[in-house]
$ cat run-v3.cif   # mmCIF, C-alpha atoms and all ligand atoms
data_work
#
loop_
_atom_site.label_atom_id
_atom_site.label_comp_id
_atom_site.auth_asym_id
_atom_site.auth_seq_id
_atom_site.Cartn_x
_atom_site.Cartn_y
_atom_site.Cartn_z
CA MET A 26 -14.85 28.80 2.95
CA ALA A 27 -18.18 29.32 1.24
CA CYS A 28 -18.20 29.27 -2.55
CA GLU A 29 -18.85 32.78 -3.90
CA ILE A 30 -20.67 31.46 -6.94
CA CYS A 31 -23.17 29.01 -5.43
CA HIS A 32 -22.84 29.76 -1.70
CA ASP A 33 -22.27 26.04 -1.13
CA SER A 34 -25.57 24.93 -2.64
CA PHE A 35 -23.49 23.28 -5.45
CA TRP A 36 -26.06 24.52 -8.01
CA VAL A 37 -25.88 27.54 -10.33
CA THR A 38 -28.72 29.01 -12.35
CA ASP A 39 -27.96 30.31 -15.87
CA LEU A 40 -30.35 32.27 -18.06
CA VAL A 41 -30.28 30.70 -21.55
CA ASP A 42 -32.54 32.35 -24.19
CA GLY A 43 -34.73 33.69 -21.45
CA VAL A 44 -35.04 30.26 -19.78
CA GLU A 45 -33.50 29.42 -16.42
CA ARG A 46 -31.18 26.42 -16.56
CA VAL A 47 -29.73 24.83 -13.44
CA ARG A 48 -26.32 23.18 -13.51
CA ARG A 49 -23.70 21.92 -11.07
CA CYS A 50 -21.28 24.51 -9.77
CA GLY A 51 -17.58 23.86 -10.42
CA CYS A 52 -17.00 23.52 -6.68
CA TRP A 53 -19.19 20.42 -6.54
CA ARG A 54 -16.50 18.10 -7.94
CA ASP A 55 -13.91 19.67 -5.64
CA SER A 56 -16.10 18.98 -2.64
CA ILE A 57 -16.48 15.32 -3.61
CA ILE A 58 -12.73 14.99 -4.01
CA GLU A 59 -12.18 16.66 -0.64
CA ARG A 60 -14.54 14.17 0.97
CA GLN A 61 -12.86 11.21 -0.70
CA LEU A 62 -9.42 12.40 0.36
CA ALA A 63 -10.64 12.81 3.92
CA ALA A 64 -12.18 9.31 3.85
CA ALA A 65 -9.01 7.69 2.47
CA ARG A 66 -7.59 7.08 5.97
CA VAL A 67 -4.14 8.50 5.21
CA PRO A 68 -2.41 8.89 8.60
CA ARG A 69 -1.64 12.45 9.61
CA ARG A 70 2.12 11.93 9.41
CA TYR A 71 1.85 11.03 5.71
CA GLN A 72 -0.70 13.61 4.64
CA HIS A 73 1.95 15.93 3.18
CA CYS A 74 3.31 13.23 0.86
CA GLU A 75 3.28 14.12 -2.84
CA PHE A 76 5.34 13.19 -5.90
CA ALA A 77 6.85 16.67 -5.81
CA ASN A 78 8.34 16.34 -2.31
CA PHE A 79 9.62 12.77 -2.74
CA GLU A 80 13.40 12.79 -2.44
CA GLN A 81 15.05 11.04 -5.39
CA ASN A 82 18.57 10.86 -4.09
CA TYR A 83 19.37 7.37 -5.36
CA ASP A 84 18.98 5.60 -8.72
CA SER A 85 16.44 3.05 -7.51
CA LEU A 86 14.36 5.85 -5.96
CA ARG A 87 14.28 7.76 -9.25
CA GLU A 88 13.13 4.56 -10.94
CA ALA A 89 10.47 3.94 -8.27
CA HIS A 90 9.23 7.52 -8.69
CA ARG A 91 9.00 7.03 -12.46
CA ARG A 92 7.06 3.77 -12.01
CA ALA A 93 4.68 5.37 -9.51
CA ARG A 94 3.89 8.27 -11.86
CA ALA A 95 3.37 5.91 -14.78
CA PHE A 96 1.05 3.82 -12.63
CA VAL A 97 -1.20 6.72 -11.69
CA GLU A 98 -1.23 8.12 -15.22
CA ALA A 99 -2.45 4.79 -16.63
CA PHE A 100 -4.85 4.14 -13.72
CA PRO A 101 -7.28 2.36 -13.79
CA VAL A 102 -6.63 0.77 -17.17
CA GLY A 103 -5.09 -2.70 -17.46
CA GLN A 104 -1.92 -2.57 -15.50
CA LYS A 105 -0.08 -4.40 -12.80
CA SER A 106 -0.23 -3.49 -9.15
CA LEU A 107 2.90 -2.23 -7.42
CA LEU A 108 4.98 -3.92 -4.77
CA LEU A 109 7.24 -1.27 -3.23
CA ARG A 110 10.00 -3.07 -1.36
CA GLY A 111 12.79 -1.63 0.70
CA ARG A 112 13.91 -0.95 4.22
CA HIS A 113 12.28 1.46 6.62
CA GLY A 114 12.77 5.15 5.96
CA VAL A 115 13.47 4.79 2.25
CA GLY A 116 10.17 6.42 1.20
CA LYS A 117 7.86 3.53 0.25
CA THR A 118 4.87 4.85 2.16
CA HIS A 119 5.51 8.38 0.91
CA LEU A 120 5.31 7.17 -2.69
CA ALA A 121 2.26 4.98 -2.01
CA VAL A 122 0.38 7.92 -0.47
CA ALA A 123 1.33 10.19 -3.39
CA ILE A 124 -0.13 7.62 -5.81
CA LEU A 125 -3.31 7.28 -3.75
CA LYS A 126 -3.89 11.05 -3.53
CA HIS A 127 -3.32 11.52 -7.25
CA ALA A 128 -5.69 8.68 -8.15
CA ILE A 129 -8.39 10.26 -5.97
CA ARG A 130 -7.81 13.80 -7.23
CA ASP A 131 -7.19 13.18 -10.92
CA LYS A 132 -9.16 9.99 -11.54
CA GLY A 133 -11.94 10.22 -8.98
CA ALA A 134 -10.87 6.86 -7.52
CA ARG A 135 -12.37 5.45 -4.36
CA GLY A 136 -9.15 4.69 -2.55
CA TYR A 137 -8.07 3.71 0.92
CA PHE A 138 -4.90 3.47 2.93
CA TYR A 139 -4.56 0.62 5.42
CA GLU A 140 -1.60 -0.16 7.56
CA THR A 141 -1.49 -3.97 7.53
CA ARG A 142 -1.18 -4.35 11.28
CA GLU A 143 -4.08 -1.93 11.84
CA LEU A 144 -6.25 -3.79 9.34
CA LEU A 145 -5.66 -7.13 11.07
CA LYS A 146 -6.44 -5.48 14.41
CA LEU A 147 -9.75 -4.16 13.04
CA VAL A 148 -10.71 -7.62 11.77
CA ARG A 149 -9.87 -9.19 15.14
CA GLU A 150 -11.80 -6.53 17.06
CA SER A 151 -14.86 -6.88 14.87
CA PHE A 152 -14.88 -10.59 15.59
CA ALA A 153 -14.47 -10.04 19.33
CA ALA A 154 -17.18 -7.36 19.47
CA GLY A 155 -19.60 -9.42 17.42
CA ASP A 156 -21.66 -6.42 16.29
CA THR A 157 -20.11 -6.06 12.84
CA SER A 158 -18.88 -9.00 10.86
CA GLU A 159 -15.28 -9.38 9.76
CA MET A 160 -16.48 -9.15 6.18
CA ASP A 161 -17.99 -5.69 6.89
CA VAL A 162 -14.53 -4.55 7.94
CA LEU A 163 -12.89 -6.14 4.92
CA ARG A 164 -15.46 -4.98 2.37
CA PRO A 165 -13.90 -1.55 1.57
CA VAL A 166 -10.47 -3.21 1.50
CA LEU A 167 -11.62 -5.78 -1.03
CA ASP A 168 -13.78 -3.38 -3.08
CA ALA A 169 -11.76 -0.15 -3.27
CA ASP A 170 -10.73 1.04 -6.74
CA LEU A 171 -7.26 1.53 -5.30
CA LEU A 172 -5.92 0.11 -2.06
CA VAL A 173 -2.67 0.92 -0.30
CA LEU A 174 -1.70 -1.94 1.99
CA ASP A 175 1.20 -0.54 3.96
CA ASP A 176 3.95 -2.48 5.70
CA LEU A 177 2.99 -5.96 4.64
CA GLY A 178 4.69 -8.47 6.91
CA ALA A 179 5.10 -6.16 9.93
CA GLU A 180 2.59 -8.33 11.79
CA LYS A 181 3.93 -11.39 13.58
CA THR A 182 2.99 -14.19 11.24
CA SER A 183 0.54 -16.99 11.98
CA GLU A 184 -1.68 -19.22 9.93
CA TRP A 185 -4.59 -16.83 10.47
CA VAL A 186 -2.52 -13.78 9.45
CA GLN A 187 -1.40 -15.57 6.29
CA GLU A 188 -4.94 -16.63 5.44
CA THR A 189 -6.40 -13.17 6.01
CA LEU A 190 -3.76 -11.40 3.94
CA GLY A 191 -4.08 -14.15 1.33
CA LEU A 192 -7.80 -13.43 1.09
CA VAL A 193 -7.14 -9.72 0.48
CA VAL A 194 -4.41 -10.36 -2.08
CA ASN A 195 -6.32 -13.05 -3.96
CA THR A 196 -9.61 -11.19 -4.03
CA ARG A 197 -8.02 -8.03 -5.37
CA TYR A 198 -6.11 -10.08 -7.91
CA SER A 199 -9.15 -11.97 -9.18
CA GLU A 200 -11.30 -8.81 -9.28
CA GLN A 201 -8.47 -7.03 -11.14
CA ARG A 202 -8.33 -4.13 -8.68
CA ALA A 203 -5.11 -2.20 -8.38
CA THR A 204 -3.19 -2.35 -5.12
CA ILE A 205 -0.04 -0.67 -3.86
CA PHE A 206 1.74 -2.91 -1.38
CA THR A 207 4.68 -1.70 0.67
CA THR A 208 6.97 -4.05 2.56
CA ASN A 209 10.46 -4.39 3.92
CA LEU A 210 10.39 -8.14 3.29
CA GLY A 211 12.79 -9.74 0.84
CA ASN A 212 11.43 -11.44 -2.28
CA GLY A 213 13.91 -14.32 -2.22
CA ALA A 214 12.88 -17.94 -2.44
CA GLY A 215 15.09 -19.16 0.42
CA LEU A 216 13.56 -20.61 3.57
CA ASP A 217 16.31 -19.45 5.87
CA ASP A 218 15.54 -15.74 5.62
CA LEU A 219 13.01 -14.94 8.34
CA ASN A 220 12.40 -11.48 6.93
CA SER A 221 11.20 -12.79 3.58
CA MET A 222 7.80 -12.80 1.88
CA ARG A 223 7.96 -16.59 1.72
CA VAL A 224 8.29 -17.02 5.48
CA GLN A 225 6.03 -14.13 6.56
CA LEU A 226 3.24 -14.39 3.99
CA GLY A 227 3.48 -17.96 2.77
CA GLU A 228 4.51 -19.20 -0.64
CA ARG A 229 1.09 -18.91 -2.27
CA THR A 230 0.70 -15.24 -1.41
CA ARG A 231 4.31 -14.54 -2.31
CA SER A 232 3.96 -16.00 -5.79
CA ARG A 233 0.60 -14.27 -6.30
CA LEU A 234 2.12 -10.92 -5.33
CA LEU A 235 5.05 -11.35 -7.70
CA GLU A 236 2.63 -12.33 -10.46
CA MET A 237 0.23 -9.40 -10.00
CA CYS A 238 2.75 -6.65 -9.20
CA HIS A 239 5.69 -4.80 -10.60
CA ASP A 240 8.31 -5.64 -7.98
CA VAL A 241 9.89 -2.25 -7.31
CA GLU A 242 12.94 -2.44 -5.12
CA MET A 243 13.72 0.82 -3.37
CA ASP A 244 17.13 1.39 -1.91
CA GLY A 245 18.79 4.44 -0.50
CA PRO A 246 19.90 6.21 2.66
CA ASP A 247 17.27 6.54 5.39
CA VAL A 248 16.18 10.19 5.32
CA ARG A 249 15.69 10.13 9.10
CA GLU A 250 19.33 9.19 9.55
CA TYR A 251 21.08 10.91 6.63
CA GLY A 252 18.82 13.89 6.03
CA LEU A 253 17.07 14.81 2.82
CA HIS A 254 20.20 15.59 0.80
CA PRO A 255 22.99 13.14 1.65
CA SER A 256 26.46 14.03 0.38
CA ALA A 257 28.58 11.63 -1.71
CA ALA A 258 30.44 10.68 1.50
CA ASP A 259 27.11 9.96 3.25
CA THR A 260 26.00 7.78 0.38
CA ALA A 261 29.30 5.85 0.46
CA ARG A 262 28.92 5.36 4.22
CA TYR A 263 25.38 4.13 3.67
CA GLU A 264 26.57 1.61 1.10
CA ARG A 265 29.22 0.24 3.48
CA GLU A 266 26.65 -0.12 6.26
CA ARG A 267 24.21 -1.80 3.94
CA GLU A 268 26.77 -4.42 2.91
CA GLN A 269 27.53 -5.09 6.55
CA LEU A 270 23.84 -5.50 7.37
CA GLU A 271 23.37 -7.82 4.43
CA ARG A 272 26.21 -10.04 5.66
CA GLN A 273 24.73 -10.17 9.17
CA ARG A 274 21.33 -10.99 7.78
CA ARG A 275 22.64 -13.89 5.73
CA GLY A 276 24.64 -15.24 8.63
CA GLY A 277 21.75 -15.01 11.11
CA THR A 278 19.93 -17.88 12.75
CA PHE A 279 16.18 -18.19 12.67
CA PRO A 280 13.61 -19.91 14.86
CA ASP A 281 12.62 -23.38 13.65
CA LYS A 282 8.93 -22.55 13.94
CA ALA A 283 9.02 -19.94 11.20
CA LYS A 284 10.94 -22.28 8.94
CA GLY A 285 8.37 -25.00 9.58
CA MET A 286 5.54 -22.65 8.60
CA ALA A 287 7.28 -21.67 5.42
CA ARG A 288 7.78 -25.32 4.50
CA ALA A 289 4.14 -26.12 5.26
CA SER A 290 3.02 -23.30 2.98
CA LEU A 291 5.21 -24.70 0.20
CA ARG A 292 3.40 -28.00 0.27
CA ARG A 293 0.05 -26.41 -0.55
CA PRO A 294 -0.60 -26.02 -4.25
CA ALA A 295 -1.31 -22.51 -5.55
CA GLY A 296 -4.42 -21.88 -7.59
CA PRO A 297 -6.96 -19.16 -8.36
CA ALA A 298 -9.53 -20.25 -5.76
CA ASP A 299 -7.08 -21.21 -3.08
CA VAL A 300 -8.25 -19.24 -0.08
CA ALA A 301 -10.13 -20.86 2.72
CA TRP A 302 -10.65 -18.18 5.31
CA SER A 303 -12.10 -19.02 8.69
CA GLY A 304 -13.02 -15.41 9.50
CA GLY A 305 -11.80 -13.38 12.45
CA LYS A 306 -11.86 -16.30 14.85
CA GLY A 307 -8.29 -17.40 14.34
CA GLY A 308 -7.02 -13.92 14.99
CA SER A 309 -8.85 -13.46 18.26
CA ALA A 310 -6.83 -15.96 20.24
ZN ZN B 401 -19.90 26.63 -5.88
#
$ encode --input "run-v3.cif" --output "structure tokens"
Amino acid sequence: MACEICHDSFWVTDLVDGVERVRRCGCWRDSIIERQLAAARVPRRYQHCEFANFEQNYDSLREAHRRARAFVEAFPVGQKSLLLRGRHGVGKTHLAVAILKHAIRDKGARGYFYETRELLKLVRESFAAGDTSEMDVLRPVLDADLLVLDDLGAEKTSEWVQETLGLVVNTRYSEQRATIFTTNLGNGAGLDDLNSMRVQLGERTRSRLLEMCHDVEMDGPDVREYGLHPSAADTARYEREREQLERQRRGGTFPDKAKGMARASLRRPAGPADVAWSGGKGGSA
């Protein structure tokens, strides 16, 4: 809708002591924010996500909500990034998107949302197509004031995947740019848990993440399964199921290959300039 004050020219003329003065219309800032929100790549299914409609039906979710608000209030001043960890459906992406939108709206941040799998696909495609370089694809990811990297570890791991994600994590760390990571990976140090940051991301990236982030564990009933307002009985049922899942997970068997990769990553020393990235080539196979 056209602005009634400036008719979308974004300029207003005032008469001050008989002299015409031109200034920006108030709608100018709004239009910039609108453009930045539209450019932030938030998927349609998450566009409604705000702090206000985040369901806090569990202690750890209330704590995660508090952390997320504190993060965006302090942004961009000296603070840790956030690692939102928990199983699917617990609201990690919802909270990450709420943070991103607030940072854009209230702080004028240049921020982007990337689903990890989608990002890796873009890097691979740019290598295959040959018209844009992999670094062109990664540039906004590395440079953004605020980055949401969603569902870290959803991609089947490989040396190339670990190196590419390591490059993103390390660059953002060394440039002191805030990042919101979401993942359903565990943070444990064991090698026998396939669904762990150590196995999926490698030990260097795991330790870097834990160093640069507040590790925020989110736990609670899956809203898609239990609805938005689970009863006390629902919550008790959820807790029983969770214990059962945890037992199965611990008792599971894992392919030797993944264990081997985790061990290999342990042998490499961690350091500030520890990323050797071969580009998109390794991901195109
Ligand atoms: Zn206007």
$ closest_residue --input "run-v3.cif" --among "A:Phe76, A:Trp185, A:Tyr251, A:Trp53" --to "A:Lys117" --atoms "all atoms listed in the file"
A:Phe76
$ residues_near_ligand --input "run-v3.cif" --ligand "ligand ZN 401 (chain B)" --cutoff "9 Å" --atoms "only C-alpha atoms and all ligand atoms" --output "JSON, numbers by chain"
{"A": [27, 28, 29, 30, 31, 32, 33, 34, 35, 36, 37, 49, 50, 51, 52, 53]}
$ closest_residue --input "run-v3.cif" --among "A:Phe79, A:Phe100, A:Tyr139, A:Tyr198" --to "A:Leu177" --atoms "only C-alpha atoms"
A:Tyr139
$ closest_atom_pairs --input "run-v3.cif" --of "stretch 50-85 of chain A" --to "stretch 230-243 of chain A" --cutoff "10 Å" --atoms "all atoms listed in the file" --output "JSON lines"
{"residue": "A:Tyr83", "atom": "CA", "partner": "A:Met243", "partner_atom": "CA", "distance": 8.9}
{"residue": "A:Asp84", "atom": "CA", "partner": "A:Met243", "partner_atom": "CA", "distance": 8.9}
{"residue": "A:Ser85", "atom": "CA", "partner": "A:Met243", "partner_atom": "CA", "distance": 5.4}
$ atom_distance --input "run-v3.cif" --atom1 "atom CA of A:Leu171" --atom2 "atom CA of A:Arg135"
6.5 Å
$ residues_around --input "run-v3.cif" --residues "A:Ala261" --least-positions-apart "4" --cutoff "12 Å" --atoms "all atoms listed in the file" --output "list in words"
Tyr83, Gly245, Pro246, Tyr251, Pro255, Ser256, Ala257, Arg265, Glu266, Arg267 and Glu268 of chain A
$ closest_residue --input "run-v3.cif" --among "A:Thr260, A:Asn209, A:Asn195, A:Gln187" --to "A:Leu226" --atoms "all atoms listed in the file"
A:Gln187
$ closest_residue --input "run-v3.cif" --among "A:Val122, A:Ala301, A:Ala63, A:Ala128" --to "A:Phe96" --atoms "only C-alpha atoms"
A:Ala128
$ residues_around --input "run-v3.cif" --residues "A:Gln61" --least-positions-apart "3" --cutoff "7 Å" --atoms "all atoms listed in the file" --output "list in words"
Ile57, Ile58, Ala64, Ala65, Ile129 and Arg135 of chain A
$ atom_distance --input "run-v3.cif" --atom1 "atom CA of A:Gly191" --atom2 "atom CA of A:Leu167"
11.5 Å
$ atom_distance --input "run-v3.cif" --atom1 "atom CA of A:Leu172" --atom2 "atom CA of A:Thr204"
4.8 Å
$ residues_around --input "run-v3.cif" --residues "A:Ala77" --least-positions-apart "4" --cutoff "12 Å" --atoms "all atoms listed in the file" --output "list in words"
His73, Gln81, His90, Arg91, Arg94, His119, Leu120, Ala123, Ile124 and His127 of chain A
$ residues_near_point --input "run-v3.cif" --point "(-10.8, -3.9, 5.5)" --cutoff "12 Å" --atoms "all atoms listed in the file" --output "ChimeraX atom specification"
/A:66,136-151,158-169,172-174,189-190,192-194,197,305
$ residues_around --input "run-v3.cif" --residues "A:Glu271" --least-positions-apart "6" --cutoff "12 Å" --atoms "all atoms listed in the file" --output "list in words"
Arg112, Gly211, Asp218, Asn220, Glu264, Arg265 and Gly277 of chain A
$ closest_residue --input "run-v3.cif" --among "A:Asp259, A:Glu75, A:Asp39, A:Asp176" --to "A:Ala93" --atoms "only C-alpha atoms"
A:Glu75
$ closest_residue --input "run-v3.cif" --among "A:Val102, A:Val186, A:Leu40, A:Val224" --to "A:Asp170" --atoms "all atoms listed in the file"
A:Val102
